[in-house]
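Visitor: Would you mind keeping the following structure in view while I ask a few things?
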Amino acid sequence: MSNFLSKINILKLGKRGENIIFTIFFLIYIAWCASSPDMNIESLKGVLTIGISVGIIYGLVALGISLIYTGLDVVNFSHGEFFMIGAFMGLTTFHLLDVDWIYDVFPESYGWVVYVVCLFIAFVSMGLFGVLIERVFLRPLTKKGGGYTVAGMGIIICGFGLSVVLINFAYIIWNPVAKPFPVDLGLPLNIANITLPMTYLWMLVVGLSISAGLWFFLNKTKMGLGIRAVAFSKEVSNLVGINVPLYISIIFGIACAIAGIGGTLVGPTYQVVVFMGYIILMKAFAAAVVGGFGNLPGAIVGGFTVGLFETASSFYISGSHKDLYAFLLMIIVLMIKPTGFFGVQVKMKA
Amino acid sequence: MLKIENLISGYGTVQILNGANMKVDAQSVVALLGGNGTGKSTILKAVSGLIRTWKGTIEFDGEPIQNLAPHLIVQRGLVQVTQGKDVFPAMTVMENLRLGGFVLKSKQKLNDNLEKVFEYFPRLNERKTQLAATLSGGELQMLCIGRGLMSNPKMIMLDEPSAALAPQIVIDIFKNINRIRKDGLTVLVVEQNVRMALLLSDYGYVIKDGVINVEGEAKKLINDKSVEESYLGGTRANV
């Protein structure tokens, strides 16, 4: 089965042509940004900080989308909602932990101890929630034929429906008012004259450790080996004695858990709203496409690229169309190099 | 060891097997022969749980295993080795072998089995850090059989081990299958290469249109005219 994105190669450039056009595009873009009247070292620092920390969030969600795509051969269009519910789980945990005795036990480090617990709860609860959703809603659909394949169009449509259901589910529980996530992580850090708010630092550190942890898990543990096997071929995995249905649930659960932790990471910087999942899904989808759909390191790199591109463009080109740039970049990448930066051209099947 | 009775199965709504009966005794080699599209591989798929058994029974070690989840069948010690190229090409040879021992609980056992497989196929030891995609056809087949042996099976089912291989390599593979059998495993080999398979095995079944057409001792089947007739419309299969 070939990557579905490789079929829309419009310009039909060779590898070299792709690289040349990319470089030209990149240079024009740099020149455009540099010619902006706002261009100075201070604003550049800000752009880099915001771009990278937003990028890692896009990367985390894109990681989940890519993981589900490689494992289940399905694009999960309800992934943004797991991100949103994860943020709410973190926020709820935060409010539940707002009690006196924890202040007494950790007088100095109250803020981050609570935040770590929030992240952990968001991770675990969204993992379990993902497994539940997969078992209850997606699994029965595979029995009607098609299975977990691109051909199983029902599952993709189900993703859109699930997204609406989950938004309304969150609407009932947490109501549609945007809520602040007032976690106290201490004063901004000053590194090399860059003032870095602690929430951004947390995004970056936790995001990178999650991606590194996932890499370690997939490549160095027995369960990770099984996941890679299932992602490649379900039939052969069956024959070597892997419990494939269980592993499909695990893959879905891990992807949702990562999205949930992403939501809790974003919460303190922005706000927690019921509708935050939709736009993040689209941006993360763009990130996954830019990095190469189905490629896990590509998802993180794509996230950084989209984050930086978006932030720089809204700073230097025009701030009024902030949400446009991610999709502009996606269209450009699709036109020049449909497989993305690290795209797998073909998923080899025997 | 393995007993198939009145097996009816197929894909979707298409019935392929129309009541096949087979028996594989412990520590023997049994050949299942037949032309293209006669249902050889379908029998293996039904036995290893990849497709549902519609009717009939499959018994392994005296217990019914029909419609059991595939990984449970592997845990009971019945392993299918698919046609040559079904390895994980993006993983190293070592990782492929470790996947073969996925059902093993202890690390010690895994390492013991690894050593055993490397003893059978020293070639794999030389190439253990290479990606499986870089192996040659014969080496891929060795890797597949090695992966099957990793889980300490009682019985191994080979689906066309000689497919698309050079004659010299085919002889190598068959020698190894013979060694595996001498070490106490039961082997069911599905083959198109009739002569070679019958020379190796004790008993043979010839399948046609989803039912067993001819069966008998391998020595007799080699010279049996009806085997040739039911197989490829009577063309003589050469080694």
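Just so we're on the same page: first chain in the structure tokens is A, next is B, and so on; residues restart at 1 for each chain, and ligands are numbered from 1 in the order they show up.
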Using only C-alpha atoms, I'd like every residue of chain B that has an atom within 8 Å of chain A; please write them out as number ranges by chain.

Guide: B: 48, 50, 70-75, 79-81, 85-89, 95, 99-103, 147-148

Visitor: Would you output that residue set with N, CA and C atoms, as a short mmCIF file (atom, residue, chain, number, x, y, z; two decimals), in the first residue's frame?

Guide:
```cif
data_model
loop_
_atom_site.label_atom_id
_atom_site.label_comp_id
_atom_site.auth_asym_id
_atom_site.auth_seq_id
_atom_site.Cartn_x
_atom_site.Cartn_y
_atom_site.Cartn_z
N SER B 48 -4.32 -21.92 11.70
CA SER B 48 -3.65 -20.95 12.58
C SER B 48 -4.57 -19.80 12.97
N LEU B 50 -6.31 -17.52 11.27
CA LEU B 50 -6.39 -16.25 10.55
C LEU B 50 -7.76 -16.07 9.90
N PRO B 70 -5.53 -16.16 16.97
CA PRO B 70 -4.26 -16.67 16.45
C PRO B 70 -3.14 -16.72 17.48
N HIS B 71 -3.07 -15.69 18.36
CA HIS B 71 -1.94 -15.70 19.30
C HIS B 71 -2.05 -16.81 20.32
N LEU B 72 -3.28 -17.25 20.61
CA LEU B 72 -3.45 -18.35 21.55
C LEU B 72 -3.00 -19.66 20.93
N ILE B 73 -3.21 -19.78 19.61
CA ILE B 73 -2.77 -20.99 18.92
C ILE B 73 -1.24 -21.06 18.92
N VAL B 74 -0.60 -19.91 18.71
CA VAL B 74 0.86 -19.88 18.76
C VAL B 74 1.34 -20.27 20.16
N GLN B 75 0.63 -19.77 21.18
CA GLN B 75 1.03 -20.10 22.55
C GLN B 75 0.92 -21.59 22.84
N VAL B 79 2.84 -23.29 15.09
CA VAL B 79 3.30 -22.08 14.43
C VAL B 79 3.23 -22.25 12.92
N GLN B 80 2.73 -21.22 12.25
CA GLN B 80 2.74 -21.24 10.79
C GLN B 80 3.86 -20.35 10.27
N VAL B 81 4.60 -20.87 9.32
CA VAL B 81 5.62 -20.06 8.65
C VAL B 81 5.09 -19.74 7.27
N LYS B 85 8.48 -14.35 1.91
CA LYS B 85 8.84 -12.94 2.05
C LYS B 85 8.11 -12.21 3.18
N ASP B 86 7.37 -12.94 3.99
CA ASP B 86 6.60 -12.28 5.04
C ASP B 86 7.41 -11.96 6.29
N VAL B 87 8.50 -11.24 6.14
CA VAL B 87 9.25 -10.80 7.32
C VAL B 87 8.95 -9.32 7.53
N PHE B 88 9.53 -8.73 8.56
CA PHE B 88 9.38 -7.30 8.78
C PHE B 88 10.62 -6.62 8.21
N PRO B 89 10.54 -6.10 7.00
CA PRO B 89 11.74 -5.63 6.30
C PRO B 89 12.41 -4.44 6.96
N GLU B 95 15.76 -8.41 15.46
CA GLU B 95 14.42 -8.01 15.93
C GLU B 95 13.35 -8.95 15.38
N LEU B 99 10.86 -11.16 17.64
CA LEU B 99 9.41 -11.17 17.47
C LEU B 99 8.89 -12.59 17.42
N GLY B 100 9.68 -13.48 16.80
CA GLY B 100 9.27 -14.88 16.74
C GLY B 100 9.08 -15.46 18.13
N GLY B 101 9.92 -15.03 19.07
CA GLY B 101 9.81 -15.51 20.44
C GLY B 101 8.94 -14.64 21.31
N PHE B 102 7.99 -13.96 20.68
CA PHE B 102 7.18 -12.98 21.42
C PHE B 102 6.37 -13.62 22.54
N VAL B 103 5.95 -14.88 22.35
CA VAL B 103 5.09 -15.50 23.36
C VAL B 103 5.89 -16.04 24.54
N ARG B 147 12.32 -17.72 12.62
CA ARG B 147 11.37 -16.98 13.45
C ARG B 147 10.29 -17.91 13.98
N GLY B 148 9.87 -18.87 13.13
CA GLY B 148 8.87 -19.83 13.58
C GLY B 148 9.39 -20.69 14.72
#
```

Visitor: Which is closer to Ser43 of chain A than all the others in A:Thr195, A:Leu189, A:Ile248, A:Gly260, using only C-alpha atoms?

Guide: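 The closest residue to Ser43 of chain A is A:Thr195.
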
Visitor: What is the atom CA of Tyr171 of chain A-atom CA of Leu185 of chain A distance in Å, reported with one decimal?

Guide: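 Computing it gives 28.2 Å between the two atoms.
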
Visitor: Contacts of Lys219 of chain B at 10 Å or less, counting only C-alpha atoms, minus same-chain residues fewer than 6 places along, as a list in words?

Guide: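 Listed by chain and then number, they are Leu198, Leu199, Leu200, Ser201, Asp202, Tyr203 and Gly204 of chain B.
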
Visitor: Could you state the separation of atom CA of Gly71 of chain A and atom CA of Thr339 of chain A in Å, given to one decimal place?

Guide: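 Between these atoms lies a distance of 18.1 Å.
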
Visitor: In segment 2-63 of chain A, what's alpha helix (DSSP H) per DSSP? Answer as a ChimeraX atom specification?

Guide: /A:15-34,41-63

Visitor: Can you check which residues of segment 41-282 of chain A DSSP gives as strand (DSSP E or B) on the backbone and send them as number ranges by chain?

Guide: A: 179, 189-191, 194-196, 272

Visitor: Identify, on the basis of only C-alpha atoms, every residue whose closest approach to Gly62 of chain B does not exceed 10 Å; exclude the query and any residue fewer than 5 positions from it along the same chain; express the result as a list in words.

Guide: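 In the requested form, the answer reads Met1, Leu2 and Lys3 of chain B.
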
Visitor: Near Arg181 of chain B, counting only C-alpha atoms, which residues have an atom at most 9 Å away, once you skip same-chain residues fewer than 6 positions from it, shown as a ChimeraX atom specification?

Guide: /B:27-29,187

Visitor: Contacts of Pro122 of chain B at 12 Å or less, counting only C-alpha atoms, minus same-chain residues fewer than 5 places along, as a list in words?

Guide: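 Near neighbours after the sequence-gap exclusion: Leu114, Glu115, Lys116, Val117, Arg127, Lys128, Glu139, Met142, Leu143, Gly146 and Asn176 of chain B.
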
Visitor: Just the selected residues (N, CA and C atoms), exported as an mmCIF file, in the first residue's frame, please.

Guide:
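The resulting part-v8.cif:
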```cif
data_model
loop_
_atom_site.group_PDB
_atom_site.id
_atom_site.type_symbol
_atom_site.label_atom_id
_atom_site.label_comp_id
_atom_site.auth_asym_id
_atom_site.auth_seq_id
_atom_site.Cartn_x
_atom_site.Cartn_y
_atom_site.Cartn_z
ATOM 1 N N LEU B 114 17.434 -18.457 20.530
ATOM 2 C CA LEU B 114 18.229 -17.720 19.546
ATOM 3 C C LEU B 114 19.447 -18.542 19.159
ATOM 4 N N GLU B 115 20.132 -19.093 20.179
ATOM 5 C CA GLU B 115 21.324 -19.888 19.901
ATOM 6 C C GLU B 115 20.992 -21.096 19.041
ATOM 7 N N LYS B 116 19.844 -21.719 19.356
ATOM 8 C CA LYS B 116 19.423 -22.896 18.604
ATOM 9 C C LYS B 116 19.189 -22.532 17.138
ATOM 10 N N VAL B 117 18.507 -21.391 16.919
ATOM 11 C CA VAL B 117 18.213 -20.977 15.547
ATOM 12 C C VAL B 117 19.504 -20.636 14.802
ATOM 13 N N ARG B 127 24.367 -12.139 9.861
ATOM 14 C CA ARG B 127 23.618 -10.970 9.381
ATOM 15 C C ARG B 127 22.676 -10.407 10.417
ATOM 16 N N LYS B 128 22.891 -10.705 11.689
ATOM 17 C CA LYS B 128 21.850 -10.380 12.663
ATOM 18 C C LYS B 128 21.602 -8.885 12.831
ATOM 19 N N GLU B 139 17.874 -16.422 2.276
ATOM 20 C CA GLU B 139 18.069 -15.978 3.660
ATOM 21 C C GLU B 139 16.752 -15.557 4.294
ATOM 22 N N MET B 142 15.110 -18.636 5.399
ATOM 23 C CA MET B 142 15.739 -19.102 6.639
ATOM 24 C C MET B 142 15.235 -18.279 7.815
ATOM 25 N N LEU B 143 15.147 -16.961 7.603
ATOM 26 C CA LEU B 143 14.691 -16.077 8.684
ATOM 27 C C LEU B 143 13.264 -16.428 9.094
ATOM 28 N N GLY B 146 13.380 -19.680 10.957
ATOM 29 C CA GLY B 146 14.014 -19.398 12.244
ATOM 30 C C GLY B 146 13.057 -18.681 13.176
ATOM 31 N N ASN B 176 17.443 -28.594 6.113
ATOM 32 C CA ASN B 176 17.198 -28.009 7.431
ATOM 33 C C ASN B 176 15.867 -28.467 8.018
#
```
